[in-house]
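*Asks:* Below is the file upload_39.txt, with compact mmCIF, C-alpha atoms.
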```
# COMPACT_ATOMS: atom_id res chain seq x y z
CA MET J 1 78.70 212.19 54.51
CA SER J 2 80.66 213.65 57.42
CA ILE J 3 83.19 216.34 56.64
CA ALA J 4 86.69 216.68 57.98
CA VAL J 5 87.07 218.57 61.24
CA PRO J 6 90.11 220.58 62.30
CA LEU J 7 92.73 219.19 64.64
CA ARG J 8 92.56 220.51 68.22
CA ILE J 9 95.76 219.61 70.03
CA ALA J 10 98.52 221.48 71.81
CA ASP J 11 100.47 223.93 69.63
CA PRO J 12 103.79 222.01 69.72
CA GLU J 13 101.97 218.92 68.47
CA ARG J 14 100.28 220.95 65.74
CA ARG J 15 103.54 222.44 64.51
CA ALA J 16 105.36 219.11 64.55
CA GLY J 17 102.37 217.47 62.89
CA ARG J 18 102.47 219.87 59.97
CA TRP J 19 106.13 219.02 59.31
CA ALA J 20 105.38 215.30 59.62
CA ALA J 21 102.44 215.65 57.23
CA LEU J 22 104.62 217.44 54.69
CA SER J 23 107.31 214.77 55.02
CA GLY J 24 104.73 212.00 54.57
CA ALA J 25 103.03 213.64 51.60
CA VAL J 26 106.31 214.17 49.75
CA SER J 27 107.33 210.61 50.60
CA VAL J 28 104.10 209.21 49.15
CA GLY J 29 104.43 211.29 46.00
CA THR J 30 108.04 210.22 45.54
CA LEU J 31 107.18 206.55 46.05
CA ILE J 32 104.51 206.81 43.35
CA ALA J 33 107.00 208.53 41.03
CA ALA J 34 109.49 205.72 41.68
CA LEU J 35 106.87 203.12 40.82
CA ILE J 36 106.00 204.91 37.58
CA ALA J 37 109.67 205.16 36.62
CA ALA J 38 110.25 201.47 37.36
CA ASN J 39 107.19 200.36 35.40
CA THR J 40 108.31 202.26 32.31
CA ALA J 41 111.55 200.29 32.20
CA THR J 42 110.99 196.80 33.54
CA THR J 43 108.53 194.27 34.91
CA THR J 44 110.35 193.90 38.22
CA ARG J 45 110.76 196.14 41.26
CA ALA J 46 113.47 198.75 40.72
CA GLY J 47 116.77 197.81 42.24
CA SER J 48 115.67 194.37 43.44
CA PRO J 49 117.44 191.11 42.67
CA THR J 50 115.62 188.79 40.30
CA ARG J 51 112.94 186.90 42.12
CA PHE J 52 113.41 183.37 43.46
CA GLY J 53 112.01 180.61 41.27
CA ALA J 54 111.88 182.65 38.06
CA SER J 55 112.21 180.73 34.82
CA ASP J 56 115.17 181.11 32.47
CA ALA J 57 113.00 183.12 30.08
CA ASP J 58 111.90 185.44 32.89
CA ARG J 59 115.48 186.09 33.91
CA LEU J 60 116.48 186.81 30.34
CA ARG J 61 113.61 189.25 30.07
CA GLU J 62 114.59 190.94 33.34
CA LEU J 63 118.21 191.43 32.31
CA THR J 64 117.16 192.64 28.88
CA THR J 65 114.69 195.22 30.12
CA PHE J 66 117.12 196.39 32.78
CA HIS J 67 119.91 196.78 30.22
CA ARG J 68 117.70 198.82 27.91
CA ALA J 69 116.97 201.53 30.49
CA PRO J 70 119.59 201.55 33.26
CA SER J 71 119.23 205.29 33.86
CA THR J 72 115.49 204.95 34.40
CA GLN J 73 116.09 202.09 36.80
CA ALA J 74 118.67 204.19 38.65
CA LEU J 75 116.14 207.01 38.88
CA ALA J 76 113.50 204.64 40.23
CA ALA J 77 115.87 203.23 42.85
CA GLY J 78 117.01 206.70 43.86
CA LEU J 79 113.46 208.02 44.18
CA ARG J 80 112.45 205.01 46.26
CA GLY J 81 115.37 205.50 48.61
CA LEU J 82 114.63 209.20 48.99
CA ALA J 83 110.96 208.50 49.67
CA LEU J 84 111.76 205.96 52.36
CA VAL J 85 114.09 208.38 54.14
CA LEU J 86 111.49 211.16 53.98
CA GLY J 87 109.03 208.83 55.70
CA ILE J 88 111.22 208.88 58.82
CA GLY J 89 109.56 212.14 59.80
CA VAL J 90 106.19 210.43 60.10
CA GLY J 91 107.61 207.55 62.12
CA VAL J 92 109.37 209.82 64.62
CA TYR J 93 106.32 212.05 64.99
CA LEU J 94 103.95 209.14 65.54
CA TYR J 95 106.33 207.65 68.11
CA TRP J 96 106.44 211.00 69.94
CA MET J 97 102.66 211.33 69.89
CA VAL J 98 102.09 207.81 71.19
CA ARG J 99 104.49 208.43 74.07
CA ARG J 100 102.79 211.72 74.89
CA ARG J 101 99.49 209.86 75.17
CA GLY J 102 100.94 207.64 77.87
CA ALA J 103 101.74 204.46 75.96
CA THR J 104 104.85 202.52 76.93
CA VAL J 105 106.82 202.18 73.73
CA GLY J 106 110.43 201.02 73.85
CA ARG J 107 113.30 202.92 72.26
CA LEU J 108 113.73 200.02 69.86
CA VAL J 109 110.65 201.22 67.98
CA LEU J 110 112.19 204.68 67.56
CA VAL J 111 115.47 203.13 66.42
CA THR J 112 113.71 200.99 63.82
CA ALA J 113 111.63 203.98 62.65
CA ILE J 114 114.90 205.69 61.74
CA ALA J 115 117.09 202.72 60.81
CA GLY J 116 114.42 200.76 58.91
CA PRO J 117 113.92 203.23 56.06
CA ILE J 118 117.66 203.84 55.79
CA LEU J 119 118.37 200.11 55.63
CA VAL J 120 115.70 199.46 52.99
CA ALA J 121 117.01 202.39 50.94
CA GLY J 122 120.51 200.94 51.22
CA ALA J 123 119.31 197.47 50.25
CA THR J 124 117.53 198.97 47.23
CA ALA J 125 120.72 200.68 46.09
CA PHE J 126 122.79 197.53 46.61
CA GLY J 127 120.23 195.43 44.73
CA PHE J 128 120.29 197.87 41.82
CA LEU J 129 124.09 197.71 41.60
CA ALA J 130 124.11 193.93 41.86
CA LEU J 131 121.56 193.52 39.08
CA ARG J 132 123.38 196.08 36.94
CA ASP J 133 126.62 194.10 37.26
CA VAL J 134 124.91 190.92 36.11
CA ALA J 135 123.21 192.69 33.20
CA ASP J 136 126.51 194.28 32.14
CA ALA J 137 128.30 190.92 32.28
CA PHE J 138 125.53 189.31 30.25
CA TYR J 139 125.83 191.85 27.45
CA ALA J 140 129.60 192.30 27.56
CA SER J 141 130.37 188.92 26.00
CA GLY J 142 129.09 185.40 25.49
CA PRO J 143 125.80 184.05 24.15
CA ARG J 144 122.71 186.04 25.10
CA THR J 145 120.56 183.04 25.84
CA ALA J 146 118.01 182.39 28.56
CA ALA J 147 120.15 179.58 30.00
CA ARG J 148 123.18 181.84 30.34
CA ALA J 149 121.09 184.64 31.88
CA SER J 150 119.79 182.23 34.49
CA ALA J 151 123.28 180.88 35.18
CA LEU J 152 124.67 184.38 35.75
CA VAL J 153 121.86 185.18 38.15
CA ASP J 154 122.28 181.91 40.04
CA HIS J 155 126.02 182.37 40.43
CA SER J 156 125.95 186.03 41.43
CA THR J 157 127.07 186.36 45.05
CA ARG J 158 126.02 190.01 45.05
CA LEU J 159 122.48 189.14 44.05
CA ARG J 160 122.26 186.56 46.83
CA VAL J 161 123.53 189.12 49.34
CA ALA J 162 121.08 191.66 47.94
CA GLY J 163 118.22 189.23 48.55
CA VAL J 164 119.25 188.72 52.17
CA LEU J 165 119.62 192.47 52.70
CA ASP J 166 116.22 193.09 51.17
CA VAL J 167 114.46 190.66 53.51
CA GLY J 168 116.43 191.71 56.59
CA SER J 169 115.89 195.43 56.05
CA ARG J 170 112.18 194.88 55.47
CA ILE J 171 111.89 193.07 58.79
CA VAL J 172 113.47 196.04 60.58
CA PHE J 173 111.19 198.40 58.67
CA ALA J 174 108.11 196.35 59.49
CA VAL J 175 108.81 196.51 63.23
CA TRP J 176 108.15 200.23 63.53
CA VAL J 177 105.16 200.24 61.17
CA GLY J 178 103.48 197.38 63.02
CA ALA J 179 104.42 198.44 66.56
CA LEU J 180 103.44 202.08 66.16
CA SER J 181 100.17 201.13 64.47
CA TYR J 182 99.35 198.84 67.37
CA HIS J 183 100.17 201.38 70.08
CA ALA J 184 98.60 204.31 68.22
CA ARG J 185 95.35 202.37 67.95
CA ARG J 186 95.40 201.62 71.69
CA VAL J 187 95.71 205.31 72.61
CA GLU J 188 93.09 206.19 69.95
CA LEU J 189 95.37 208.11 67.65
CA LEU J 190 94.28 205.72 64.91
CA THR J 191 90.94 204.20 64.10
CA THR J 192 90.64 200.46 64.55
CA PHE J 193 90.77 200.03 60.78
CA LEU J 194 93.96 202.09 60.37
CA GLY J 195 95.58 200.29 63.29
CA TYR J 196 94.95 196.89 61.79
CA TRP J 197 95.87 198.20 58.34
CA GLY J 198 99.29 199.24 59.64
CA VAL J 199 99.89 195.88 61.33
CA GLY J 200 98.77 194.10 58.16
CA ALA J 201 101.01 196.30 56.00
CA ALA J 202 103.97 195.50 58.24
CA ALA J 203 103.43 191.77 57.85
CA ALA J 204 102.77 192.05 54.12
CA MET J 205 105.96 194.02 53.52
CA VAL J 206 107.94 190.97 54.57
CA LEU J 207 105.71 188.25 53.15
CA LEU J 208 103.69 189.57 50.21
CA PRO J 209 104.31 191.65 47.05
CA VAL J 210 101.33 193.86 47.94
CA GLY J 211 103.08 195.04 51.11
CA ASP J 212 104.63 198.12 49.48
CA ALA J 213 101.25 199.31 48.21
CA MET J 214 99.69 198.77 51.63
CA TYR J 215 102.46 200.81 53.23
CA VAL J 216 101.90 203.69 50.79
CA GLY J 217 98.21 203.76 51.68
CA TRP J 218 98.98 203.68 55.40
CA LEU J 219 101.62 206.40 55.11
CA ALA J 220 99.24 208.65 53.17
CA SER J 221 96.67 208.21 55.95
CA MET J 222 99.28 209.10 58.59
CA ALA J 223 100.16 212.26 56.66
CA VAL J 224 96.51 213.35 56.57
CA LEU J 225 96.07 212.67 60.28
CA SER J 226 99.30 214.49 61.11
CA TRP J 227 98.06 217.55 59.25
CA GLY J 228 95.01 217.58 61.49
CA TYR J 229 92.10 216.37 59.35
CA TRP J 230 90.25 213.13 58.87
CA PRO J 231 86.93 212.39 57.11
CA GLY J 232 84.28 212.00 59.79
CA GLY J 233 86.42 213.58 62.50
CA MET J 234 89.76 212.96 64.15
CA PRO J 235 90.17 209.90 66.40
CA ALA J 236 89.63 210.76 70.07
CA GLY J 237 93.29 210.52 71.06
CA TRP J 238 94.26 213.57 69.00
CA GLY J 239 92.10 215.90 71.06
CA ARG J 240 93.65 215.02 74.41
CA ARG J 241 96.02 217.54 75.92
CA SER J 242 99.40 216.11 76.87
```
Can I see the file as structure tokens?
*Replies:*
Amino acid sequence: MSIAVPLRIADPERRAGRWAALSGAVSVGTLIAALIAANTATTTRAGSPTRFGASDADRLRELTTFHRAPSTQALAAGLRGLALVLGIGVGVYLYWMVRRRGATVGRLVLVTAIAGPILVAGATAFGFLALRDVADAFYASGPRTAARASALVDHSTRLRVAGVLDVGSRIVFAVWVGALSYHARRVELLTTFLGYWGVGAAAAMVLLPVGDAMYVGWLASMAVLSWGYWPGGMPAGWGRRS
């Protein structure tokens, strides 16, 4: 098996890469911590509105599990938001590196690399508050039945807004992940596999539940590359002087 080889790029890129790698590594660790915290308290994603098409029994279960551990859910939502913001460092660094390798990448990609994580973090916080309000109303008074739980969810304007914010913010987030993966592969900063993985993760974040996990794997890979190591050797683009 090939071993990792050290990064050989200009010193400014090396220094910036180390900071980006640290940002990415802490982001990945925090995202994993958020997932663990969420899984100890509920069966649904921390801070998200109840999913579309869920049965009355599922909605009752979601409100019940949320009500039992609101502090853990708040911790999970907070950790997720922090992790997303920390990931901005990787996005900005990768954008800078792609531009230094001669690729034409619009400012929109940089804007989404910064705004996307902030928007998703905000949507996560809003979704948490919206679901907390419904859970509190459910337990404050009235029968605690599955039918009433479903009715409260269906009639919650905040939950509907939270759902729209969640999808919209994910689209913005996906733009920078997909665009930078595409351009980084073209200038050989990423392997073909990692390039397609990033594009696939971007699409999955909007369309599939597995998207978050794919993003974590991609981000971890970007952190390793930014540090200056990769199993089998760095992609050719990293060794080119700017």
*Asks:* Identify, on the basis of only C-alpha atoms, every residue whose closest approach to range 86-98 of chain J does not exceed 9 Å; exclude the query and any residue fewer than 6 positions from it along the same chain; express the result as a JSON list (two decimals) with C-alpha atoms, keeping the file's coordinate frame.
*Replies:*
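Once everything was written out, this is result17.json:
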```json
[["chain", "number", "residue", "atom", "x", "y", "z"],
["J", 13, "GLU", "CA", 101.97, 218.92, 68.47],
["J", 16, "ALA", "CA", 105.36, 219.11, 64.55],
["J", 17, "GLY", "CA", 102.37, 217.47, 62.89],
["J", 19, "TRP", "CA", 106.13, 219.02, 59.31],
["J", 20, "ALA", "CA", 105.38, 215.30, 59.62],
["J", 21, "ALA", "CA", 102.44, 215.65, 57.23],
["J", 22, "LEU", "CA", 104.62, 217.44, 54.69],
["J", 23, "SER", "CA", 107.31, 214.77, 55.02],
["J", 24, "GLY", "CA", 104.73, 212.00, 54.57],
["J", 25, "ALA", "CA", 103.03, 213.64, 51.60],
["J", 26, "VAL", "CA", 106.31, 214.17, 49.75],
["J", 27, "SER", "CA", 107.33, 210.61, 50.60],
["J", 28, "VAL", "CA", 104.10, 209.21, 49.15],
["J", 104, "THR", "CA", 104.85, 202.52, 76.93],
["J", 105, "VAL", "CA", 106.82, 202.18, 73.73],
["J", 109, "VAL", "CA", 110.65, 201.22, 67.98],
["J", 110, "LEU", "CA", 112.19, 204.68, 67.56],
["J", 113, "ALA", "CA", 111.63, 203.98, 62.65],
["J", 114, "ILE", "CA", 114.90, 205.69, 61.74],
["J", 115, "ALA", "CA", 117.09, 202.72, 60.81],
["J", 116, "GLY", "CA", 114.42, 200.76, 58.91],
["J", 117, "PRO", "CA", 113.92, 203.23, 56.06],
["J", 118, "ILE", "CA", 117.66, 203.84, 55.79],
["J", 176, "TRP", "CA", 108.15, 200.23, 63.53],
["J", 177, "VAL", "CA", 105.16, 200.24, 61.17],
["J", 180, "LEU", "CA", 103.44, 202.08, 66.16],
["J", 181, "SER", "CA", 100.17, 201.13, 64.47],
["J", 183, "HIS", "CA", 100.17, 201.38, 70.08],
["J", 184, "ALA", "CA", 98.60, 204.31, 68.22],
["J", 187, "VAL", "CA", 95.71, 205.31, 72.61],
["J", 189, "LEU", "CA", 95.37, 208.11, 67.65],
["J", 219, "LEU", "CA", 101.62, 206.40, 55.11],
["J", 222, "MET", "CA", 99.28, 209.10, 58.59],
["J", 223, "ALA", "CA", 100.16, 212.26, 56.66],
["J", 226, "SER", "CA", 99.30, 214.49, 61.11],
["J", 238, "TRP", "CA", 94.26, 213.57, 69.00]]
```
*Asks:* So which one's closest to Thr124 in chain J, J:Ser71, J:Ala34, J:Arg61, J:Leu208? Using all atoms listed in the file, please.
*Replies:* J:Ala34
*Asks:* May I ask for the distance between CA of Ala204 in chain J and CA of Ile171 in chain J, given in Å to one decimal place?
*Replies:*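 Distance between the two atoms: 10.3 Å.
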*Asks:* Quick one, how far is CA of Ser141 in chain J from CA of Ala162 in chain J?
*Replies:* 24.0 Å
*Asks:* Write out as a PyMOL selection string each polymer residue whose atoms come within 6 Å of Gln73 in chain J, counting all atoms listed in the file; drop sequence neighbours fewer than 2 positions from it.
*Replies:* chain J and resi 38+46+70-71+75-76
*Asks:* For the atom pair CA of Arg144 in chain J and CA of Leu63 in chain J, what is the interatomic distance in Å to one decimal place?
*Replies:*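 Computing the Euclidean distance for CA of Arg144 in chain J and CA of Leu63 in chain J yields 10.1 Å.
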*Asks:* Which is closer to Gly228 in chain J than all the others in J:Leu207, J:Arg15, J:Val85, J:His67, using all atoms listed in the file?
*Replies:*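 Closest to Gly228 in chain J of all the choices is J:Arg15.
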*Asks:* Measuring between all atoms listed in the file, which one of J:Pro235, J:Gly78, J:Gly122, J:Gly168 shows the shortest distance to Phe193 in chain J?
*Replies:*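 Using all atoms listed in the file, the shortest distance to Phe193 in chain J belongs to J:Pro235.
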*Asks:* With distances taken over all atoms listed in the file, which of J:Phe128, J:Trp218, J:Trp227, J:Tyr182 is nearest to Gly81 in chain J?
*Replies:*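 Going through J:Phe128, J:Trp218, J:Trp227, J:Tyr182 one by one, the smallest distance to Gly81 in chain J is for J:Phe128.
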*Asks:* Which protein, DNA or RNA residues are at most 7 Å from (123.8, 196.6, 33.8) in the file's coordinates when you count all atoms listed in the file, listed as a PyMOL selection string?
*Replies:* chain J and resi 66-67+70+131-136
*Asks:* Of the residues J:Ala103, J:Leu119, J:Val167, J:Leu31, which is the one nearest to Ala77 in chain J, using all atoms listed in the file?
*Replies:*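 Of J:Ala103, J:Leu119, J:Val167, J:Leu31, the one nearest Ala77 in chain J, counting all atoms listed in the file, is J:Leu31.
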*Asks:* Using only C-alpha atoms, can you list as a list in words the residues within 12 Å of (113.2, 194.9, 27.4)?
*Replies:* Asn39, Thr40, Ala41, Thr42, Thr43, Thr44, Asp58, Arg59, Leu60, Arg61, Glu62, Leu63, Thr64, Thr65, Phe66, His67, Arg68, Ala69, Pro70 and Ala135 of chain J
*Asks:* Export C-alpha atoms of the chosen residues as a short mmCIF file (atom, residue, chain, number, x, y, z; two decimals), in the frame of the given file?
*Replies:*
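Dumped everything to out_35.cif:
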```cif
data_model
loop_
_atom_site.label_atom_id
_atom_site.label_comp_id
_atom_site.auth_asym_id
_atom_site.auth_seq_id
_atom_site.Cartn_x
_atom_site.Cartn_y
_atom_site.Cartn_z
CA ASN J 39 107.19 200.36 35.40
CA THR J 40 108.31 202.26 32.31
CA ALA J 41 111.55 200.29 32.20
CA THR J 42 110.99 196.80 33.54
CA THR J 43 108.53 194.27 34.91
CA THR J 44 110.35 193.90 38.22
CA ASP J 58 111.90 185.44 32.89
CA ARG J 59 115.48 186.09 33.91
CA LEU J 60 116.48 186.81 30.34
CA ARG J 61 113.61 189.25 30.07
CA GLU J 62 114.59 190.94 33.34
CA LEU J 63 118.21 191.43 32.31
CA THR J 64 117.16 192.64 28.88
CA THR J 65 114.69 195.22 30.12
CA PHE J 66 117.12 196.39 32.78
CA HIS J 67 119.91 196.78 30.22
CA ARG J 68 117.70 198.82 27.91
CA ALA J 69 116.97 201.53 30.49
CA PRO J 70 119.59 201.55 33.26
CA ALA J 135 123.21 192.69 33.20
#
```
*Asks:* Between J:Gly198, J:Asp212, J:Val153, J:Glu188, which is the closest to Gly102 in chain J once you count only C-alpha atoms?
*Replies:* J:Glu188
*Asks:* Please provide as a PDB file with C-alpha atoms, in the coordinates of the input all residues within 10 Å of Gly200 in chain J, with the sequence filter that same-chain residues fewer than 3 positions apart are discarded (counting only C-alpha atoms).
*Replies:*
```
ATOM      1  CA  ALA J 174     108.110 196.350  59.490  1.00  0.00           C
ATOM      2  CA  VAL J 177     105.160 200.240  61.170  1.00  0.00           C
ATOM      3  CA  GLY J 178     103.480 197.380  63.020  1.00  0.00           C
ATOM      4  CA  SER J 181     100.170 201.130  64.470  1.00  0.00           C
ATOM      5  CA  LEU J 194      93.960 202.090  60.370  1.00  0.00           C
ATOM      6  CA  GLY J 195      95.580 200.290  63.290  1.00  0.00           C
ATOM      7  CA  TYR J 196      94.950 196.890  61.790  1.00  0.00           C
ATOM      8  CA  TRP J 197      95.870 198.200  58.340  1.00  0.00           C
ATOM      9  CA  ALA J 203     103.430 191.770  57.850  1.00  0.00           C
ATOM     10  CA  ALA J 204     102.770 192.050  54.120  1.00  0.00           C
ATOM     11  CA  MET J 205     105.960 194.020  53.520  1.00  0.00           C
ATOM     12  CA  GLY J 211     103.080 195.040  51.110  1.00  0.00           C
ATOM     13  CA  MET J 214      99.690 198.770  51.630  1.00  0.00           C
ATOM     14  CA  TYR J 215     102.460 200.810  53.230  1.00  0.00           C
ATOM     15  CA  TRP J 218      98.980 203.680  55.400  1.00  0.00           C
TER      16      TRP J 218
END
```
